Structure formats: C-alpha cells, structure tokens
>>> print(open('query.txt').read())   # compact mmCIF, C-alpha atoms
# COMPACT_ATOMS: atom_id res chain seq x y z
CA MET A 1 27.45 13.98 -28.48
CA THR A 2 26.80 11.62 -25.62
CA GLY A 3 25.27 12.76 -22.40
CA PRO A 4 27.40 13.01 -19.25
CA GLU A 5 25.88 9.84 -17.81
CA SER A 6 26.53 7.69 -20.88
CA ARG A 7 29.22 5.03 -20.71
CA LEU A 8 28.72 4.02 -24.34
CA THR A 9 30.29 6.18 -27.03
CA GLY A 10 28.01 4.85 -29.80
CA PRO A 11 26.64 4.54 -32.30
CA VAL A 12 24.43 1.68 -31.14
CA ARG A 13 22.49 -0.26 -33.75
CA VAL A 14 19.19 -1.77 -32.56
CA VAL A 15 17.84 -4.55 -34.75
CA GLY A 16 14.15 -5.15 -34.08
CA VAL A 17 12.14 -2.22 -32.76
CA GLY A 18 9.41 -3.91 -30.78
CA LEU A 19 8.90 -3.23 -27.09
CA LEU A 20 12.43 -4.12 -25.93
CA GLY A 21 14.28 -2.69 -28.92
CA THR A 22 12.42 0.61 -28.84
CA SER A 23 12.81 0.87 -25.05
CA ILE A 24 16.57 0.31 -25.36
CA ALA A 25 16.76 2.93 -28.08
CA LEU A 26 14.72 5.48 -26.12
CA GLY A 27 16.83 4.94 -23.02
CA LEU A 28 20.06 5.47 -24.94
CA ARG A 29 18.75 8.51 -26.81
CA ALA A 30 17.85 10.04 -23.44
CA ARG A 31 21.57 9.90 -22.68
CA GLY A 32 22.56 11.41 -26.01
CA VAL A 33 23.76 8.21 -27.66
CA ASP A 34 23.45 7.99 -31.46
CA VAL A 35 21.01 5.10 -32.11
CA ILE A 36 20.50 3.39 -35.47
CA LEU A 37 17.19 1.60 -35.95
CA SER A 38 16.62 -1.48 -38.11
CA ASP A 39 13.59 -3.73 -38.47
CA ALA A 40 12.05 -6.05 -41.05
CA SER A 41 9.06 -3.71 -40.95
CA PRO A 42 9.76 -0.20 -42.32
CA THR A 43 6.57 0.93 -40.55
CA ASN A 44 7.98 -0.10 -37.17
CA VAL A 45 11.15 1.86 -37.89
CA ARG A 46 9.15 4.92 -38.87
CA ILE A 47 7.01 4.73 -35.73
CA ALA A 48 10.05 4.32 -33.49
CA MET A 49 11.73 7.28 -35.20
CA ASP A 50 8.61 9.38 -34.68
CA TYR A 51 8.84 8.60 -30.97
CA GLY A 52 12.43 9.83 -30.93
CA ALA A 53 14.08 6.42 -30.59
CA GLY A 54 16.77 7.01 -33.20
CA ARG A 55 17.50 7.30 -36.91
CA SER A 56 17.44 5.02 -39.93
CA ALA A 57 20.52 3.09 -41.00
CA GLY A 58 23.11 4.55 -43.39
CA ASP A 59 25.82 2.99 -45.55
CA ALA A 60 28.61 4.63 -43.55
CA ASP A 61 27.44 3.36 -40.15
CA GLU A 62 30.08 1.78 -37.93
CA PRO A 63 28.26 0.90 -34.70
CA GLN A 64 30.15 0.35 -31.50
CA LEU A 65 27.48 -2.09 -30.33
CA ILE A 66 24.64 -3.98 -32.03
CA VAL A 67 21.64 -5.14 -29.98
CA VAL A 68 19.52 -7.84 -31.62
CA CYS A 69 15.90 -7.72 -30.40
CA VAL A 70 14.06 -10.14 -32.68
CA PRO A 71 11.92 -13.26 -32.01
CA PRO A 72 13.80 -16.23 -30.54
CA ASP A 73 13.48 -18.43 -33.62
CA VAL A 74 15.44 -15.99 -35.80
CA THR A 75 17.78 -14.51 -33.18
CA ALA A 76 20.81 -16.67 -34.05
CA SER A 77 20.55 -16.07 -37.82
CA VAL A 78 20.27 -12.30 -37.32
CA ILE A 79 23.28 -12.31 -34.98
CA VAL A 80 25.32 -14.17 -37.63
CA ARG A 81 24.25 -11.66 -40.27
CA GLU A 82 25.13 -8.66 -38.10
CA LEU A 83 28.55 -10.07 -37.15
CA SER A 84 29.34 -10.49 -40.84
CA ALA A 85 28.00 -7.09 -41.94
CA TYR A 86 29.79 -5.13 -39.18
CA PRO A 87 33.21 -6.77 -38.55
CA ARG A 88 34.29 -4.15 -35.97
CA SER A 89 31.14 -4.25 -33.85
CA VAL A 90 30.29 -6.09 -30.64
CA VAL A 91 26.94 -7.89 -30.90
CA THR A 92 24.53 -8.87 -28.15
CA ASP A 93 20.90 -10.01 -28.09
CA VAL A 94 18.00 -9.93 -25.64
CA ALA A 95 16.46 -13.36 -26.28
CA SER A 96 15.10 -15.14 -23.22
CA VAL A 97 17.15 -18.30 -23.89
CA LYS A 98 20.93 -18.11 -24.20
CA GLY A 99 22.48 -21.57 -24.62
CA PRO A 100 20.84 -22.59 -27.92
CA VAL A 101 21.51 -19.16 -29.44
CA LEU A 102 25.22 -19.33 -28.62
CA ALA A 103 25.42 -22.89 -29.95
CA ALA A 104 23.72 -21.91 -33.21
CA VAL A 105 26.01 -18.91 -33.72
CA ARG A 106 29.04 -21.14 -33.15
CA ALA A 107 27.70 -23.79 -35.54
CA ALA A 108 27.33 -21.15 -38.25
CA GLY A 109 31.04 -20.38 -37.99
CA ALA A 110 30.48 -16.78 -36.92
CA ASP A 111 33.04 -14.75 -34.96
CA VAL A 112 31.91 -15.38 -31.40
CA THR A 113 34.82 -13.34 -30.04
CA ARG A 114 32.56 -10.33 -30.72
CA TYR A 115 29.29 -11.83 -29.50
CA VAL A 116 27.92 -12.17 -25.96
CA GLY A 117 24.29 -12.90 -25.17
CA SER A 118 22.24 -10.95 -22.65
CA HIS A 119 18.69 -10.93 -21.30
CA PRO A 120 16.85 -8.06 -19.59
CA LEU A 121 14.15 -9.37 -17.26
CA ALA A 122 11.68 -6.62 -18.02
CA GLY A 123 8.55 -6.24 -20.09
CA ARG A 124 5.02 -4.92 -20.38
CA GLU A 125 1.61 -6.33 -21.21
CA LYS A 126 1.70 -4.72 -24.69
CA GLY A 127 4.32 -5.03 -27.40
CA GLY A 128 5.40 -2.98 -30.40
CA PRO A 129 7.30 0.29 -30.74
CA MET A 130 4.43 2.38 -29.36
CA SER A 131 4.79 0.57 -26.01
CA GLY A 132 8.48 1.41 -25.65
CA ARG A 133 9.60 3.24 -22.49
CA ALA A 134 13.00 4.75 -21.73
CA ASP A 135 12.69 3.68 -18.08
CA LEU A 136 11.62 0.09 -18.75
CA PHE A 137 14.84 -1.41 -17.37
CA LEU A 138 15.37 0.75 -14.30
CA GLY A 139 16.24 -1.48 -11.36
CA ARG A 140 15.52 -4.66 -13.31
CA PRO A 141 17.99 -7.58 -13.50
CA TRP A 142 19.83 -7.87 -16.82
CA VAL A 143 21.85 -11.04 -17.33
CA VAL A 144 25.05 -10.98 -19.39
CA ALA A 145 25.98 -14.55 -20.33
CA GLY A 146 29.72 -14.53 -20.90
CA HIS A 147 31.68 -17.36 -22.52
CA PRO A 148 35.41 -18.21 -22.85
CA ASP A 149 35.79 -16.89 -26.41
CA ILE A 150 35.04 -13.25 -25.61
CA SER A 151 37.33 -11.06 -23.56
CA TYR A 152 36.22 -8.92 -20.66
CA GLN A 153 37.41 -5.84 -22.53
CA THR A 154 35.28 -6.65 -25.58
CA ALA A 155 32.19 -7.53 -23.52
CA ALA A 156 32.51 -4.26 -21.57
CA ALA A 157 30.33 -2.53 -24.16
CA VAL A 158 27.42 -4.80 -23.18
CA ASP A 159 28.03 -4.08 -19.51
CA ASP A 160 27.97 -0.37 -20.34
CA LEU A 161 24.63 -0.82 -22.13
CA VAL A 162 23.10 -2.44 -19.05
CA LEU A 163 24.40 0.22 -16.69
CA ASP A 164 23.44 3.12 -18.99
CA LEU A 165 19.84 1.89 -18.99
CA GLY A 166 19.72 1.74 -15.19
CA ALA A 167 19.46 -2.05 -14.98
CA THR A 168 21.18 -4.33 -12.47
CA LEU A 169 24.01 -6.27 -14.11
CA VAL A 170 23.96 -10.02 -13.38
CA GLU A 171 26.77 -12.23 -14.71
CA MET A 172 25.95 -15.88 -15.51
CA THR A 173 26.94 -18.55 -17.96
CA ALA A 174 24.41 -19.40 -20.67
CA GLU A 175 23.66 -22.70 -18.94
CA GLN A 176 23.12 -21.05 -15.55
CA HIS A 177 20.81 -18.50 -17.14
CA ASP A 178 18.68 -21.06 -18.96
CA SER A 179 18.23 -23.29 -15.92
CA SER A 180 17.39 -20.24 -13.80
CA VAL A 181 14.72 -18.83 -16.11
CA ALA A 182 13.25 -22.31 -16.54
CA LEU A 183 12.51 -22.22 -12.81
CA THR A 184 11.52 -18.57 -12.44
CA SER A 185 9.77 -17.85 -15.75
CA HIS A 186 9.24 -20.70 -18.19
CA ALA A 187 7.76 -23.35 -15.88
CA PRO A 188 5.55 -20.75 -14.12
CA GLN A 189 4.18 -19.79 -17.54
CA VAL A 190 3.11 -23.39 -18.14
CA VAL A 191 1.61 -23.80 -14.66
CA SER A 192 -0.29 -20.52 -15.03
CA THR A 193 -1.57 -21.56 -18.45
CA LEU A 194 -2.76 -24.96 -17.26
CA MET A 195 -4.68 -23.41 -14.38
CA ALA A 196 -6.25 -20.85 -16.71
CA ARG A 197 -7.38 -23.63 -19.06
CA ARG A 198 -9.57 -24.99 -16.25
CA LEU A 199 -11.64 -21.80 -16.59
CA VAL A 200 -12.61 -22.35 -20.23
CA SER A 201 -15.41 -24.79 -19.45
CA ALA A 202 -16.07 -23.68 -15.87
CA PRO A 203 -19.59 -22.51 -14.95
CA GLU A 204 -20.08 -18.76 -15.13
CA ALA A 205 -21.13 -18.71 -11.48
CA ALA A 206 -17.78 -20.20 -10.48
CA VAL A 207 -15.74 -17.79 -12.60
CA ASN A 208 -17.61 -14.85 -11.05
CA LEU A 209 -16.17 -15.85 -7.67
CA ALA A 210 -12.62 -15.24 -8.91
CA GLY A 211 -10.50 -13.42 -6.35
CA GLY A 212 -6.92 -12.36 -5.91
CA GLY A 213 -5.57 -15.89 -5.66
CA LEU A 214 -6.87 -16.96 -9.06
CA ARG A 215 -5.82 -13.69 -10.66
CA ASP A 216 -2.31 -14.03 -9.26
CA VAL A 217 -1.93 -17.60 -10.49
CA THR A 218 -3.27 -16.93 -13.99
CA ARG A 219 -1.86 -13.44 -14.63
CA VAL A 220 0.76 -14.50 -17.20
CA ALA A 221 -1.55 -16.99 -18.94
CA SER A 222 -2.63 -14.23 -21.36
CA SER A 223 0.86 -14.13 -22.93
CA ASP A 224 1.39 -14.57 -26.68
CA PRO A 225 1.17 -18.31 -27.54
CA GLY A 226 3.36 -17.98 -30.63
CA LEU A 227 6.20 -16.39 -28.68
CA TRP A 228 5.96 -18.93 -25.88
CA VAL A 229 6.08 -21.89 -28.27
CA GLN A 230 9.46 -20.52 -29.39
CA ILE A 231 10.72 -19.90 -25.85
CA LEU A 232 9.62 -23.25 -24.44
CA GLY A 233 10.96 -25.10 -27.46
CA ALA A 234 14.35 -23.42 -27.11
CA ASN A 235 14.58 -24.20 -23.38
CA ALA A 236 12.68 -27.48 -23.43
CA GLY A 237 15.09 -29.62 -21.41
CA ALA A 238 15.52 -27.29 -18.45
CA THR A 239 11.81 -26.44 -18.35
CA ALA A 240 10.76 -30.08 -18.51
CA GLU A 241 13.06 -30.87 -15.58
CA VAL A 242 11.35 -28.26 -13.41
CA LEU A 243 7.88 -29.40 -14.47
CA ARG A 244 8.69 -33.03 -13.64
CA GLY A 245 9.43 -31.90 -10.10
CA VAL A 246 6.12 -30.05 -10.02
CA ARG A 247 4.40 -33.19 -11.32
CA ASP A 248 5.95 -35.30 -8.54
CA ASP A 249 4.77 -32.81 -5.91
CA LEU A 250 1.32 -32.76 -7.48
CA ASP A 251 1.15 -36.55 -7.36
CA GLU A 252 1.84 -36.41 -3.63
CA VAL A 253 -0.91 -33.83 -3.13
CA LEU A 254 -3.35 -35.97 -5.15
CA ALA A 255 -2.51 -39.00 -3.06
CA ALA A 256 -3.17 -37.02 0.12
CA LEU A 257 -6.47 -35.67 -1.22
CA ASP A 258 -7.56 -39.13 -2.34
CA ALA A 259 -6.81 -40.43 1.15
CA ALA A 260 -8.80 -37.58 2.68
CA SER A 261 -11.75 -38.24 0.34
CA ALA A 262 -11.71 -41.92 1.27
CA ASP A 263 -11.47 -41.02 4.95
CA GLY A 264 -8.19 -42.91 5.01
CA ALA A 265 -5.45 -42.37 7.53
CA ALA A 266 -2.48 -42.26 5.17
CA ALA A 267 -1.64 -41.17 1.65
CA ALA A 268 -0.09 -43.53 -0.90
CA ASN A 269 3.43 -43.16 0.52
CA GLY A 270 2.26 -44.08 4.03
CA THR A 271 2.38 -40.51 5.36
CA PRO A 272 -0.79 -39.33 7.15
CA TRP A 273 -2.63 -37.18 4.63
CA ARG A 274 -2.92 -34.17 6.93
CA ARG A 275 0.83 -34.20 7.51
CA ALA A 276 1.52 -34.62 3.78
CA LEU A 277 -0.61 -31.60 2.92
CA ALA A 278 0.83 -29.53 5.76
CA GLU A 279 4.41 -30.26 4.68
CA THR A 280 3.64 -29.36 1.07
CA LEU A 281 2.01 -26.06 2.09
CA ALA A 282 4.86 -25.26 4.46
CA GLY A 283 7.30 -25.91 1.64
CA GLY A 284 5.45 -23.30 -0.39
CA ASN A 285 5.81 -20.82 2.47
CA ALA A 286 9.56 -21.45 2.54
CA GLY A 287 9.84 -20.97 -1.21
CA VAL A 288 7.94 -17.70 -1.24
CA ALA A 289 10.16 -16.39 1.55
CA ARG A 290 13.14 -16.70 -0.80
CA ILE A 291 11.72 -14.47 -3.53
CA PRO A 292 13.70 -11.20 -3.55
CA GLY A 293 12.02 -7.91 -2.75
CA LYS A 294 12.07 -4.60 -4.57
CA HIS A 295 14.79 -4.11 -7.21
CA GLY A 296 16.15 -7.59 -6.66
CA GLN A 297 17.08 -7.00 -3.03
CA ASP A 298 16.63 -9.98 -0.76
CA ARG A 299 14.61 -7.99 1.75
CA ARG A 300 11.25 -8.70 3.35
CA TYR A 301 8.44 -6.19 3.66
CA ALA A 302 5.39 -5.92 5.84
CA GLN A 303 1.95 -5.70 4.22
CA LEU A 304 -1.23 -3.99 5.25
CA VAL A 305 -4.51 -3.87 3.37
CA VAL A 306 -6.36 -0.57 3.08
CA MET A 307 -10.03 -0.43 2.11
CA VAL A 308 -10.55 2.14 -0.66
CA ASP A 309 -14.02 3.37 -1.63
CA ASP A 310 -14.94 2.82 -5.28
CA ALA A 311 -15.10 6.55 -6.05
CA PRO A 312 -13.09 8.91 -8.27
CA GLY A 313 -9.85 10.14 -6.71
CA GLU A 314 -9.81 7.84 -3.68
CA LEU A 315 -6.79 5.79 -4.72
CA ALA A 316 -4.92 8.95 -5.69
CA ARG A 317 -5.75 10.41 -2.27
CA LEU A 318 -4.34 7.33 -0.54
CA LEU A 319 -1.06 7.56 -2.45
CA THR A 320 -0.82 11.31 -1.90
CA GLU A 321 -1.38 11.01 1.84
CA LEU A 322 1.18 8.23 2.12
CA GLY A 323 3.66 10.59 0.49
CA GLU A 324 2.70 13.43 2.81
CA ASP A 325 3.37 11.14 5.77
CA GLY A 326 6.82 10.33 4.40
CA VAL A 327 6.01 6.69 3.61
CA ASN A 328 8.23 5.01 1.04
CA LEU A 329 5.83 2.64 -0.70
CA GLU A 330 7.79 -0.52 -1.54
CA ASP A 331 5.05 -2.29 -3.49
CA LEU A 332 1.35 -1.96 -4.27
CA ARG A 333 -1.30 -4.48 -5.35
CA LEU A 334 -4.94 -3.71 -6.04
CA GLU A 335 -7.96 -6.00 -5.87
CA HIS A 336 -11.48 -5.02 -6.84
CA SER A 337 -14.34 -7.44 -7.40
CA PRO A 338 -16.98 -6.50 -9.99
CA GLY A 339 -19.90 -4.72 -8.34
CA ALA A 340 -18.12 -4.18 -5.04
CA GLN A 341 -18.33 -0.72 -3.50
CA ILE A 342 -14.77 -0.90 -2.17
CA GLY A 343 -11.40 -2.04 -3.42
CA LEU A 344 -8.47 -3.41 -1.45
CA ALA A 345 -5.04 -1.82 -1.74
CA GLU A 346 -2.32 -4.07 -0.37
CA ILE A 347 0.71 -1.94 0.32
CA ALA A 348 4.19 -3.09 1.33
CA VAL A 349 6.35 -1.05 3.69
CA LEU A 350 9.47 -1.62 5.75
CA PRO A 351 8.59 -3.78 8.78
CA GLU A 352 9.87 -1.19 11.26
CA THR A 353 7.45 1.41 9.87
CA LEU A 354 4.31 -0.77 9.86
CA ASP A 355 2.84 0.45 13.16
CA THR A 356 3.54 4.09 12.33
CA VAL A 357 2.00 3.82 8.87
CA THR A 358 -1.05 2.00 10.20
CA SER A 359 -1.65 4.64 12.86
CA ALA A 360 -1.17 7.49 10.39
CA LEU A 361 -3.64 6.04 7.92
CA ALA A 362 -6.18 5.34 10.65
CA ALA A 363 -5.86 8.92 11.87
CA ARG A 364 -6.72 10.12 8.36
CA GLY A 365 -9.87 7.98 8.38
CA TRP A 366 -8.69 5.06 6.26
CA ARG A 367 -10.06 1.63 7.15
CA ILE A 368 -7.45 -1.09 7.58
CA ALA A 369 -8.71 -4.54 6.66
CA GLY A 370 -8.24 -7.06 9.45
>>> encode(input="query.txt", output="structure tokens")
Amino acid sequence: MTGPESRLTGPVRVVGVGLLGTSIALGLRARGVDVILSDASPTNVRIAMDYGAGRSAGDADEPQLIVVCVPPDVTASVIVRELSAYPRSVVTDVASVKGPVLAAVRAAGADVTRYVGSHPLAGREKGGPMSGRADLFLGRPWVVAGHPDISYQTAAAVDDLVLDLGATLVEMTAEQHDSSVALTSHAPQVVSTLMARRLVSAPEAAVNLAGGGLRDVTRVASSDPGLWVQILGANAGATAEVLRGVRDDLDEVLAALDAASADGAAAANGTPWRRALAETLAGGNAGVARIPGKHGQDRRYAQLVVMVDDAPGELARLLTELGEDGVNLEDLRLEHSPGAQIGLAEIAVLPETLDTVTSALAARGWRIAG
C-alpha cells in the first residue's frame, strides 16, 4: 500500500544503492512505496535493505519506474539494459550530465520513448548506502530533462518521483542542464581544486593562517577524483567554455597586478590598474547577488556574526534561544580557528528582522561581532 502522500503507485526499482539511490529508496519507503533494490554489489543491497530502503529483486517484478543511480561512465549502458529488461517501465537516471547520456542511449537503439533523464542537485560529504537519508532532497532543485520522443503523460512518473521526495521540480532540456551545471558546479570544482593545489607545497606557517575565505573557496576540492574525471569528461565542452572565460578574467587581473607591481599607471589593455581591479571585484559582487537564497528562492538575507565561546553547549544554547525568540534561521555558517577560545556563527535572517534579532541576542548577553 502506498502512503496518502505518495503520487507514485510503484513498484519503483532503484539500480545502484549508493548515497543517492539509497536516499531515493528511503524517501519512497517512508511514503509506503514498494521499492526494489539492485546493485552490482550484493553487500550494498544487503546494507540498504537492513536500513529499510526496500527489498531485493524478484522474477515477477514489473516496476512502474526505474531509477538508475550508477557512476556516469556506465549510466547509459545500464539504462539500455533496464529498458530492454522491463519493456513496460519508465526509466530515469540521476547522472550529473544529461546530453551525452541521452545521445548514447539513442545510439544504442533503445526505446527512448520510455526514458527521460533527471538530476537531483543534492548530496553529502560521504557516499554509500549507510549515508542515505530520506530527507536528502527536501527543498532541493531536481532537473527533469525532457526531450521530444517522450510524452508528458509518460514522463509524469518522473515528475511524481521528484514531488514525492519533496524536491523542487525544474524542467530543462539536456543541453540547458549541461551548460547550467558547467557554470554552477563543474567549473567551480576545477577552480576550487586549482586553488587547493597551491596549498600542497605552501609553508606550514601560511596554511595555519587559513580562514573562512580559503575554506569557502576550497571546500569542494576534497571531492572524489575518479568521479570528477567522469563528470568533467562527459561535460568537457561546456565546462571548458566557462573556464576560458575565467582564464580571460584572470589574465586581466594579472595584467593589473603586474602594472601595480611595476608602479605603472595602466594595465596591458590601457585601463588604469586600480580601475581594472575595482571593476573585476564589483563584477564579483554583482554575480554573488544573483545566487538564489534558501530553497532556491531568489531572496536576499541579512547576516550577523555572533561570537560563541568554545565551550560545551554554547552553540546549542544560541540555536535554542533563537528559537525561543521566534527567529526563523535562514542559514548558518560556522568558523573556528584552531586554538581560538571563541568561534564565529554567521547567521542569516530576513532583513526586516535584523534589528530585532540583534537586540534580542544582545539582551541575552551574546556578543555581536562588528
């Protein structure tokens, strides 16, 4: 029986029970949907079953929907296999690149009238079935990349999957998706990695000065190299286009810095170096202002930084007292330098509540930085 909130009737077959596959399965099971688990590793299937993510496959299975959650380099071949094995099922996948997968499925002669690609923009630092969470997709964008060969009625099962898991449905073509993630995910991964590489041979004294800025820039540089070779290779053209633009901007910054070092008046393009740097930095401000806020809403928030003593229970006290004061915390970022006796909690609130929140925290004895 399906739960009252489930749009899918099921069964749903999940192929690949790593982080995303197990999270999808757990989310559907929470709504009463019958979930069938499949993975190249029987151990992964057993672990996912032990966590309550679903059951093992049976010969009589006739899934309504199949969700392929395998590495990018084998996604297309698994989709082709599933389309052939289950001729009445709709198939989708969660790979982070959509155009090459669709092209490969077409080239294999598979029935693309039952296939539509999708991509949930959600994840965690750890992978594997033990990291799966039923709420992983809540409020997160989930792209469904439609194409002319599949009808709206057939693709509705994929839409139902997205909505059942609490994600925000975003419709794009495969090409629009791939160019978008090249800008928002794939190129940033490369930039973050290149900056992190500068730390390998840096003096220990310099690395010990690392603050929030460096941590923010390099956060995703710890991602799995093997996975990212596959992703970047599959979306090479779109990613390279973005990085060429970054390279051009970097060349302009270098020219300005060279002019400043030489005490020159102008950079290589004839623009005064101070103006060149200022315009580049202002362009960054304008770009950051376009990044959507919580849950994909294009809304701006006000930030204040609270000083939190490095002692047990202090952060929990801050969050509790914010709740007691009726503050809806929109975002939270923590910074704590090794050896420091305080940490900094940067909290985001609605702009119209900033003064009230600041006064309430001050009245409770919290120190507001700045």
>>> atom_distance(input="query.txt", atom1="CA of Val327 (chain A)", atom2="CA of Gly365 (chain A)")
16.6 Å
>>> atom_distance(input="query.txt", atom1="CA of Ala85 (chain A)", atom2="CA of Arg31 (chain A)")
26.5 Å
>>> residues_around(input="query.txt", residues="Pro120 (chain A)", least_positions_apart="3", cutoff="12 Å", atoms="all atoms listed in the file", output="JSON, numbers by chain")
{"A": [19, 20, 21, 23, 24, 67, 69, 92, 93, 94, 95, 96, 97, 98, 117, 123, 136, 137, 138, 139, 140, 141, 142, 143, 144, 145, 158, 159, 161, 162, 163, 165, 166, 167, 168, 169, 170, 171, 177, 181]}
>>> closest_atom_pairs(input="query.txt", of="region 220-294 of chain A", to="region 192-212 of chain A", cutoff="8 Å", atoms="all atoms listed in the file", output="JSON lines")
{"residue": "A:Val220", "atom": "CA", "partner": "A:Ser192", "partner_atom": "CA", "distance": 6.5}
{"residue": "A:Ala221", "atom": "CA", "partner": "A:Thr193", "partner_atom": "CA", "distance": 4.6}
{"residue": "A:Ser222", "atom": "CA", "partner": "A:Thr193", "partner_atom": "CA", "distance": 8.0}
>>> atom_distance(input="query.txt", atom1="CA of Leu243 (chain A)", atom2="CA of Asp258 (chain A)")
21.9 Å
>>> closest_atom_pairs(input="query.txt", of="region 106-178 of chain A", to="region 37-58 of chain A", cutoff="12 Å", atoms="only C-alpha atoms", output="CSV")
residue,atom,partner,partner_atom,distance
A:Gly127,CA,A:Asn44,CA,11.5
A:Gly128,CA,A:Asn44,CA,7.8
A:Pro129,CA,A:Ala48,CA,5.6
A:Met130,CA,A:Ala48,CA,7.2
A:Ser131,CA,A:Ala48,CA,9.9
A:Gly132,CA,A:Ala48,CA,8.5
A:Arg133,CA,A:Ala53,CA,9.8
A:Ala134,CA,A:Ala53,CA,9.1
>>> closest_residue(input="query.txt", among="A:Asp249, A:Asp309, A:Glu324, A:Asp178", to="Gly283 (chain A)", atoms="only C-alpha atoms")
A:Asp249
